[in-house]
>>> print(open('upload.csv').read())   # CSV, C-alpha atoms
chain,number,residue,atom,x,y,z
X,1,MET,CA,147.3,-57.8,3.7
X,2,SER,CA,148.1,-60.5,1.2
X,3,ILE,CA,149.8,-63.8,2.0
X,4,LYS,CA,152.9,-62.4,0.1
X,5,ASP,CA,152.8,-59.3,2.2
X,6,ALA,CA,152.7,-61.4,5.4
X,7,TYR,CA,155.7,-63.4,4.3
X,8,ASP,CA,157.6,-60.3,3.3
X,9,ALA,CA,156.8,-58.7,6.7
X,10,LEU,CA,158.1,-61.7,8.5
X,11,GLY,CA,161.2,-62.0,6.4
X,12,ALA,CA,160.1,-65.5,5.2
X,13,ASP,CA,160.8,-66.9,1.8
X,14,TYR,CA,157.6,-66.4,-0.2
X,15,GLY,CA,159.2,-67.1,-3.6
X,16,ASP,CA,160.3,-70.6,-2.4
X,17,VAL,CA,156.9,-71.6,-1.0
X,18,GLU,CA,155.0,-70.2,-4.0
X,19,LYS,CA,157.1,-72.4,-6.3
X,20,ARG,CA,156.6,-75.4,-4.1
X,21,PHE,CA,152.8,-75.0,-3.8
X,22,GLY,CA,152.2,-73.5,-7.3
X,23,GLY,CA,150.6,-70.2,-6.4
X,24,ASP,CA,148.9,-67.9,-3.8
X,25,ALA,CA,145.8,-70.0,-3.3
X,26,MET,CA,147.7,-73.1,-2.1
X,27,VAL,CA,150.1,-71.0,0.0
X,28,GLU,CA,147.1,-69.4,1.7
X,29,ARG,CA,145.5,-72.7,2.3
X,30,PHE,CA,148.5,-74.3,3.9
X,31,ALA,CA,149.5,-71.2,5.8
X,32,GLY,CA,146.0,-71.2,7.3
X,33,LYS,CA,146.5,-74.8,8.4
X,34,PHE,CA,149.7,-73.8,10.1
X,35,CYS,CA,147.7,-71.4,12.3
X,36,ASP,CA,145.5,-74.3,13.4
X,37,ASP,CA,148.3,-76.8,13.9
X,38,ASP,CA,148.9,-78.0,17.5
X,39,SER,CA,152.7,-78.5,17.3
X,40,MET,CA,153.4,-75.3,19.3
X,41,GLU,CA,150.8,-76.2,21.9
X,42,LYS,CA,152.5,-79.6,22.2
X,43,LEU,CA,155.8,-78.0,22.5
X,44,ALA,CA,154.5,-75.7,25.3
X,45,ASP,CA,153.0,-78.6,27.1
X,46,GLY,CA,156.3,-80.6,26.9
X,47,MET,CA,158.2,-77.6,28.2
X,48,GLU,CA,155.8,-76.9,31.0
X,49,ALA,CA,155.7,-80.6,32.0
X,50,ARG,CA,159.6,-80.6,31.9
X,51,ASP,CA,159.3,-83.5,29.4
X,52,ALA,CA,162.3,-83.1,27.1
X,53,LYS,CA,161.3,-86.0,24.8
X,54,ALA,CA,157.8,-84.6,24.2
X,55,ALA,CA,159.2,-81.1,23.7
X,56,PHE,CA,161.8,-82.4,21.2
X,57,VAL,CA,159.2,-84.3,19.2
X,58,ALA,CA,157.0,-81.3,19.0
X,59,ALA,CA,159.8,-78.9,18.1
X,60,HIS,CA,161.1,-81.3,15.5
X,61,THR,CA,157.6,-81.5,14.0
X,62,LEU,CA,157.3,-77.7,14.0
X,63,LYS,CA,160.7,-77.5,12.3
X,64,GLY,CA,159.5,-79.6,9.4
X,65,ILE,CA,156.4,-77.6,9.0
X,66,CYS,CA,158.3,-74.4,8.9
X,67,ALA,CA,160.7,-75.8,6.3
X,68,ASN,CA,157.8,-77.0,4.1
X,69,LEU,CA,156.1,-73.5,4.3
X,70,SER,CA,159.4,-71.6,3.9
X,71,LEU,CA,158.8,-69.8,7.2
X,72,THR,CA,162.5,-69.1,7.5
X,73,ASN,CA,161.9,-66.5,10.2
X,74,LEU,CA,160.7,-69.3,12.5
X,75,TYR,CA,162.7,-72.1,11.1
X,76,GLY,CA,166.0,-70.8,12.4
X,77,PRO,CA,164.9,-70.4,16.1
X,78,VAL,CA,163.1,-73.8,16.0
X,79,CYS,CA,166.3,-75.5,14.6
X,80,ASP,CA,168.3,-74.0,17.5
X,81,LEU,CA,165.7,-75.3,20.0
X,82,VAL,CA,165.7,-78.8,18.4
X,83,GLU,CA,169.4,-79.0,18.8
X,84,VAL,CA,169.3,-78.0,22.4
X,85,LEU,CA,166.6,-80.6,23.1
X,86,ARG,CA,168.2,-83.4,21.1
X,87,PRO,CA,170.3,-84.8,23.9
X,88,GLY,CA,167.1,-85.4,25.9
X,89,THR,CA,167.5,-82.7,28.5
X,90,LEU,CA,165.9,-79.2,28.9
X,91,GLU,CA,169.2,-77.7,29.9
X,92,GLY,CA,169.8,-74.5,28.1
X,93,SER,CA,166.4,-74.5,26.4
X,94,GLU,CA,164.9,-71.4,28.1
X,95,GLU,CA,166.3,-68.8,25.8
X,96,PRO,CA,165.8,-70.7,22.5
X,97,TYR,CA,162.3,-71.6,23.6
X,98,ALA,CA,161.5,-67.9,24.4
X,99,GLN,CA,162.7,-67.0,20.9
X,100,VAL,CA,160.5,-69.7,19.3
X,101,LYS,CA,157.5,-68.5,21.2
X,102,ASP,CA,158.1,-64.9,20.2
X,103,GLU,CA,158.6,-65.6,16.5
X,104,TYR,CA,155.7,-68.1,16.5
X,105,ARG,CA,153.4,-65.4,17.8
X,106,LYS,CA,154.5,-63.0,15.1
X,107,THR,CA,154.2,-65.6,12.4
X,108,VAL,CA,150.7,-66.6,13.4
X,109,ASP,CA,149.6,-63.0,13.8
X,110,ALA,CA,150.8,-62.1,10.3
X,111,LEU,CA,149.3,-65.2,8.6
X,112,ARG,CA,146.0,-64.6,10.3
X,113,ALA,CA,146.0,-61.0,9.2
X,114,ALA,CA,146.5,-62.3,5.6
X,115,ARG,CA,143.5,-64.5,6.0
X,116,GLY,CA,141.4,-61.5,6.7
>>> encode(input="upload.csv", output="structure tokens")
Amino acid sequence: MSIKDAYDALGADYGDVEKRFGGDAMVERFAGKFCDDDSMEKLADGMEARDAKAAFVAAHTLKGICANLSLTNLYGPVCDLVEVLRPGTLEGSEEPYAQVKDEYRKTVDALRAARG
């Protein structure tokens, strides 16, 4: 599977990220770094610890990374979670967090498949 195939399978915006990074090689490089990024782990830690501030910071970081990589499939759910966490409480965060976890897993699986 190519990196473009992975983006297409996810419904992410490959054309946008390819323009931003100037070609497949750079997209592959930074998509690989996404798989190794610890923002999702920090989000999970914050949620588990019931630390709304830590969860918000991690989700906001993940949102920025998704925007830069045009991972639109994950960007939407992360945006929803960020807005739920913004007031500093975890109230109402369970469903958006579950959606983020599910879409994150799909994203990482597809990007890793593209790495070979």
>>> residues_around(input="upload.csv", residues="region 93-108 of chain X", least_positions_apart="6", cutoff="6 Å", atoms="only C-alpha atoms", output="JSON, numbers by chain")
{"X": [35, 74, 77, 78, 81]}
>>> write_last_selection(input="upload.csv", atoms="C-alpha atoms", output="PDB file, in the frame of the given file")
ATOM      1  CA  CYS X  35     147.700 -71.400  12.300  1.00  0.00           C
ATOM      2  CA  LEU X  74     160.700 -69.300  12.500  1.00  0.00           C
ATOM      3  CA  PRO X  77     164.900 -70.400  16.100  1.00  0.00           C
ATOM      4  CA  VAL X  78     163.100 -73.800  16.000  1.00  0.00           C
ATOM      5  CA  LEU X  81     165.700 -75.300  20.000  1.00  0.00           C
TER       6      LEU X  81
END
>>> closest_residue(input="upload.csv", among="X:Asp13, X:Asp5, X:Glu18, X:Asp51", to="Gly88 (chain X)", atoms="only C-alpha atoms")
X:Asp51
>>> atom_distance(input="upload.csv", atom1="CA of His60 (chain X)", atom2="CA of Ser2 (chain X)")
28.4 Å
>>> closest_residue(input="upload.csv", among="X:Asp38, X:Leu85, X:Asn73, X:Arg29", to="Ala54 (chain X)", atoms="all atoms listed in the file")
X:Leu85
>>> atom_distance(input="upload.csv", atom1="CA of Ala52 (chain X)", atom2="CA of Gly32 (chain X)")
28.3 Å
>>> residues_around(input="upload.csv", residues="Ala114 (chain X)", least_positions_apart="4", cutoff="9 Å", atoms="only C-alpha atoms", output="number ranges by chain")
X: 1-6, 28, 109-110
>>> closest_residue(input="upload.csv", among="X:Ala49, X:Val17, X:Ala12, X:Val57", to="Arg86 (chain X)", atoms="all atoms listed in the file")
X:Val57
>>> atom_distance(input="upload.csv", atom1="CA of Gly23 (chain X)", atom2="CA of Ala59 (chain X)")
27.6 Å
>>> residues_around(input="upload.csv", residues="Pro87 (chain X)", least_positions_apart="5", cutoff="10 Å", atoms="only C-alpha atoms", output="number ranges by chain")
X: 52-53, 56, 82
>>> residues_around(input="upload.csv", residues="Gly64 (chain X)", least_positions_apart="2", cutoff="12 Å", atoms="all atoms listed in the file", output="number ranges by chain")
X: 34, 39, 57-62, 66-72, 74-76, 78-79, 82
>>> build_atoms(input="upload.csv", residues="region 34-51 of chain X", atoms="N, CA, C and O atoms", output="PDB file, in the coordinates of the input")
ATOM      1  N   PHE X  34     148.645 -74.012   9.084  1.00  0.00           N
ATOM      2  CA  PHE X  34     149.700 -73.800  10.100  1.00  0.00           C
ATOM      3  C   PHE X  34     149.158 -73.129  11.310  1.00  0.00           C
ATOM      4  O   PHE X  34     149.512 -73.511  12.435  1.00  0.00           O
ATOM      5  N   CYS X  35     148.304 -72.141  11.120  1.00  0.00           N
ATOM      6  CA  CYS X  35     147.700 -71.400  12.300  1.00  0.00           C
ATOM      7  C   CYS X  35     146.901 -72.309  13.157  1.00  0.00           C
ATOM      8  O   CYS X  35     146.739 -72.016  14.344  1.00  0.00           O
ATOM      9  N   ASP X  36     146.364 -73.380  12.590  1.00  0.00           N
ATOM     10  CA  ASP X  36     145.500 -74.300  13.400  1.00  0.00           C
ATOM     11  C   ASP X  36     146.273 -75.533  13.853  1.00  0.00           C
ATOM     12  O   ASP X  36     145.704 -76.343  14.566  1.00  0.00           O
ATOM     13  N   ASP X  37     147.538 -75.665  13.473  1.00  0.00           N
ATOM     14  CA  ASP X  37     148.300 -76.800  13.900  1.00  0.00           C
ATOM     15  C   ASP X  37     148.629 -76.765  15.368  1.00  0.00           C
ATOM     16  O   ASP X  37     148.791 -75.691  15.947  1.00  0.00           O
ATOM     17  N   ASP X  38     148.707 -77.929  16.001  1.00  0.00           N
ATOM     18  CA  ASP X  38     148.900 -78.000  17.500  1.00  0.00           C
ATOM     19  C   ASP X  38     150.345 -78.252  17.888  1.00  0.00           C
ATOM     20  O   ASP X  38     150.599 -78.509  19.065  1.00  0.00           O
ATOM     21  N   SER X  39     151.288 -78.176  16.972  1.00  0.00           N
ATOM     22  CA  SER X  39     152.700 -78.500  17.300  1.00  0.00           C
ATOM     23  C   SER X  39     153.231 -77.518  18.384  1.00  0.00           C
ATOM     24  O   SER X  39     153.931 -77.932  19.308  1.00  0.00           O
ATOM     25  N   MET X  40     152.907 -76.234  18.266  1.00  0.00           N
ATOM     26  CA  MET X  40     153.400 -75.300  19.300  1.00  0.00           C
ATOM     27  C   MET X  40     152.762 -75.521  20.613  1.00  0.00           C
ATOM     28  O   MET X  40     153.433 -75.415  21.643  1.00  0.00           O
ATOM     29  N   GLU X  41     151.496 -75.884  20.613  1.00  0.00           N
ATOM     30  CA  GLU X  41     150.800 -76.200  21.900  1.00  0.00           C
ATOM     31  C   GLU X  41     151.466 -77.432  22.521  1.00  0.00           C
ATOM     32  O   GLU X  41     151.695 -77.457  23.739  1.00  0.00           O
ATOM     33  N   LYS X  42     151.787 -78.430  21.718  1.00  0.00           N
ATOM     34  CA  LYS X  42     152.500 -79.600  22.200  1.00  0.00           C
ATOM     35  C   LYS X  42     153.851 -79.296  22.766  1.00  0.00           C
ATOM     36  O   LYS X  42     154.280 -79.839  23.784  1.00  0.00           O
ATOM     37  N   LEU X  43     154.534 -78.389  22.079  1.00  0.00           N
ATOM     38  CA  LEU X  43     155.800 -78.000  22.500  1.00  0.00           C
ATOM     39  C   LEU X  43     155.714 -77.258  23.901  1.00  0.00           C
ATOM     40  O   LEU X  43     156.464 -77.549  24.836  1.00  0.00           O
ATOM     41  N   ALA X  44     154.749 -76.368  24.011  1.00  0.00           N
ATOM     42  CA  ALA X  44     154.500 -75.700  25.300  1.00  0.00           C
ATOM     43  C   ALA X  44     154.179 -76.643  26.397  1.00  0.00           C
ATOM     44  O   ALA X  44     154.692 -76.517  27.521  1.00  0.00           O
ATOM     45  N   ASP X  45     153.341 -77.621  26.080  1.00  0.00           N
ATOM     46  CA  ASP X  45     153.000 -78.600  27.100  1.00  0.00           C
ATOM     47  C   ASP X  45     154.202 -79.419  27.538  1.00  0.00           C
ATOM     48  O   ASP X  45     154.380 -79.667  28.730  1.00  0.00           O
ATOM     49  N   GLY X  46     155.045 -79.808  26.582  1.00  0.00           N
ATOM     50  CA  GLY X  46     156.300 -80.600  26.900  1.00  0.00           C
ATOM     51  C   GLY X  46     157.201 -79.740  27.781  1.00  0.00           C
ATOM     52  O   GLY X  46     157.781 -80.248  28.745  1.00  0.00           O
ATOM     53  N   MET X  47     157.360 -78.477  27.428  1.00  0.00           N
ATOM     54  CA  MET X  47     158.200 -77.600  28.200  1.00  0.00           C
ATOM     55  C   MET X  47     157.695 -77.413  29.620  1.00  0.00           C
ATOM     56  O   MET X  47     158.439 -77.488  30.597  1.00  0.00           O
ATOM     57  N   GLU X  48     156.394 -77.168  29.714  1.00  0.00           N
ATOM     58  CA  GLU X  48     155.800 -76.900  31.000  1.00  0.00           C
ATOM     59  C   GLU X  48     155.859 -78.191  31.903  1.00  0.00           C
ATOM     60  O   GLU X  48     156.101 -78.099  33.104  1.00  0.00           O
ATOM     61  N   ALA X  49     155.687 -79.356  31.284  1.00  0.00           N
ATOM     62  CA  ALA X  49     155.700 -80.600  32.000  1.00  0.00           C
ATOM     63  C   ALA X  49     157.182 -81.065  32.297  1.00  0.00           C
ATOM     64  O   ALA X  49     157.399 -82.088  32.944  1.00  0.00           O
ATOM     65  N   ARG X  50     158.160 -80.306  31.757  1.00  0.00           N
ATOM     66  CA  ARG X  50     159.600 -80.600  31.900  1.00  0.00           C
ATOM     67  C   ARG X  50     159.863 -82.001  31.242  1.00  0.00           C
ATOM     68  O   ARG X  50     160.675 -82.787  31.728  1.00  0.00           O
ATOM     69  N   ASP X  51     159.171 -82.277  30.136  1.00  0.00           N
ATOM     70  CA  ASP X  51     159.300 -83.500  29.400  1.00  0.00           C
ATOM     71  C   ASP X  51     160.118 -83.237  28.134  1.00  0.00           C
ATOM     72  O   ASP X  51     159.587 -82.813  27.105  1.00  0.00           O
TER      73      ASP X  51
END
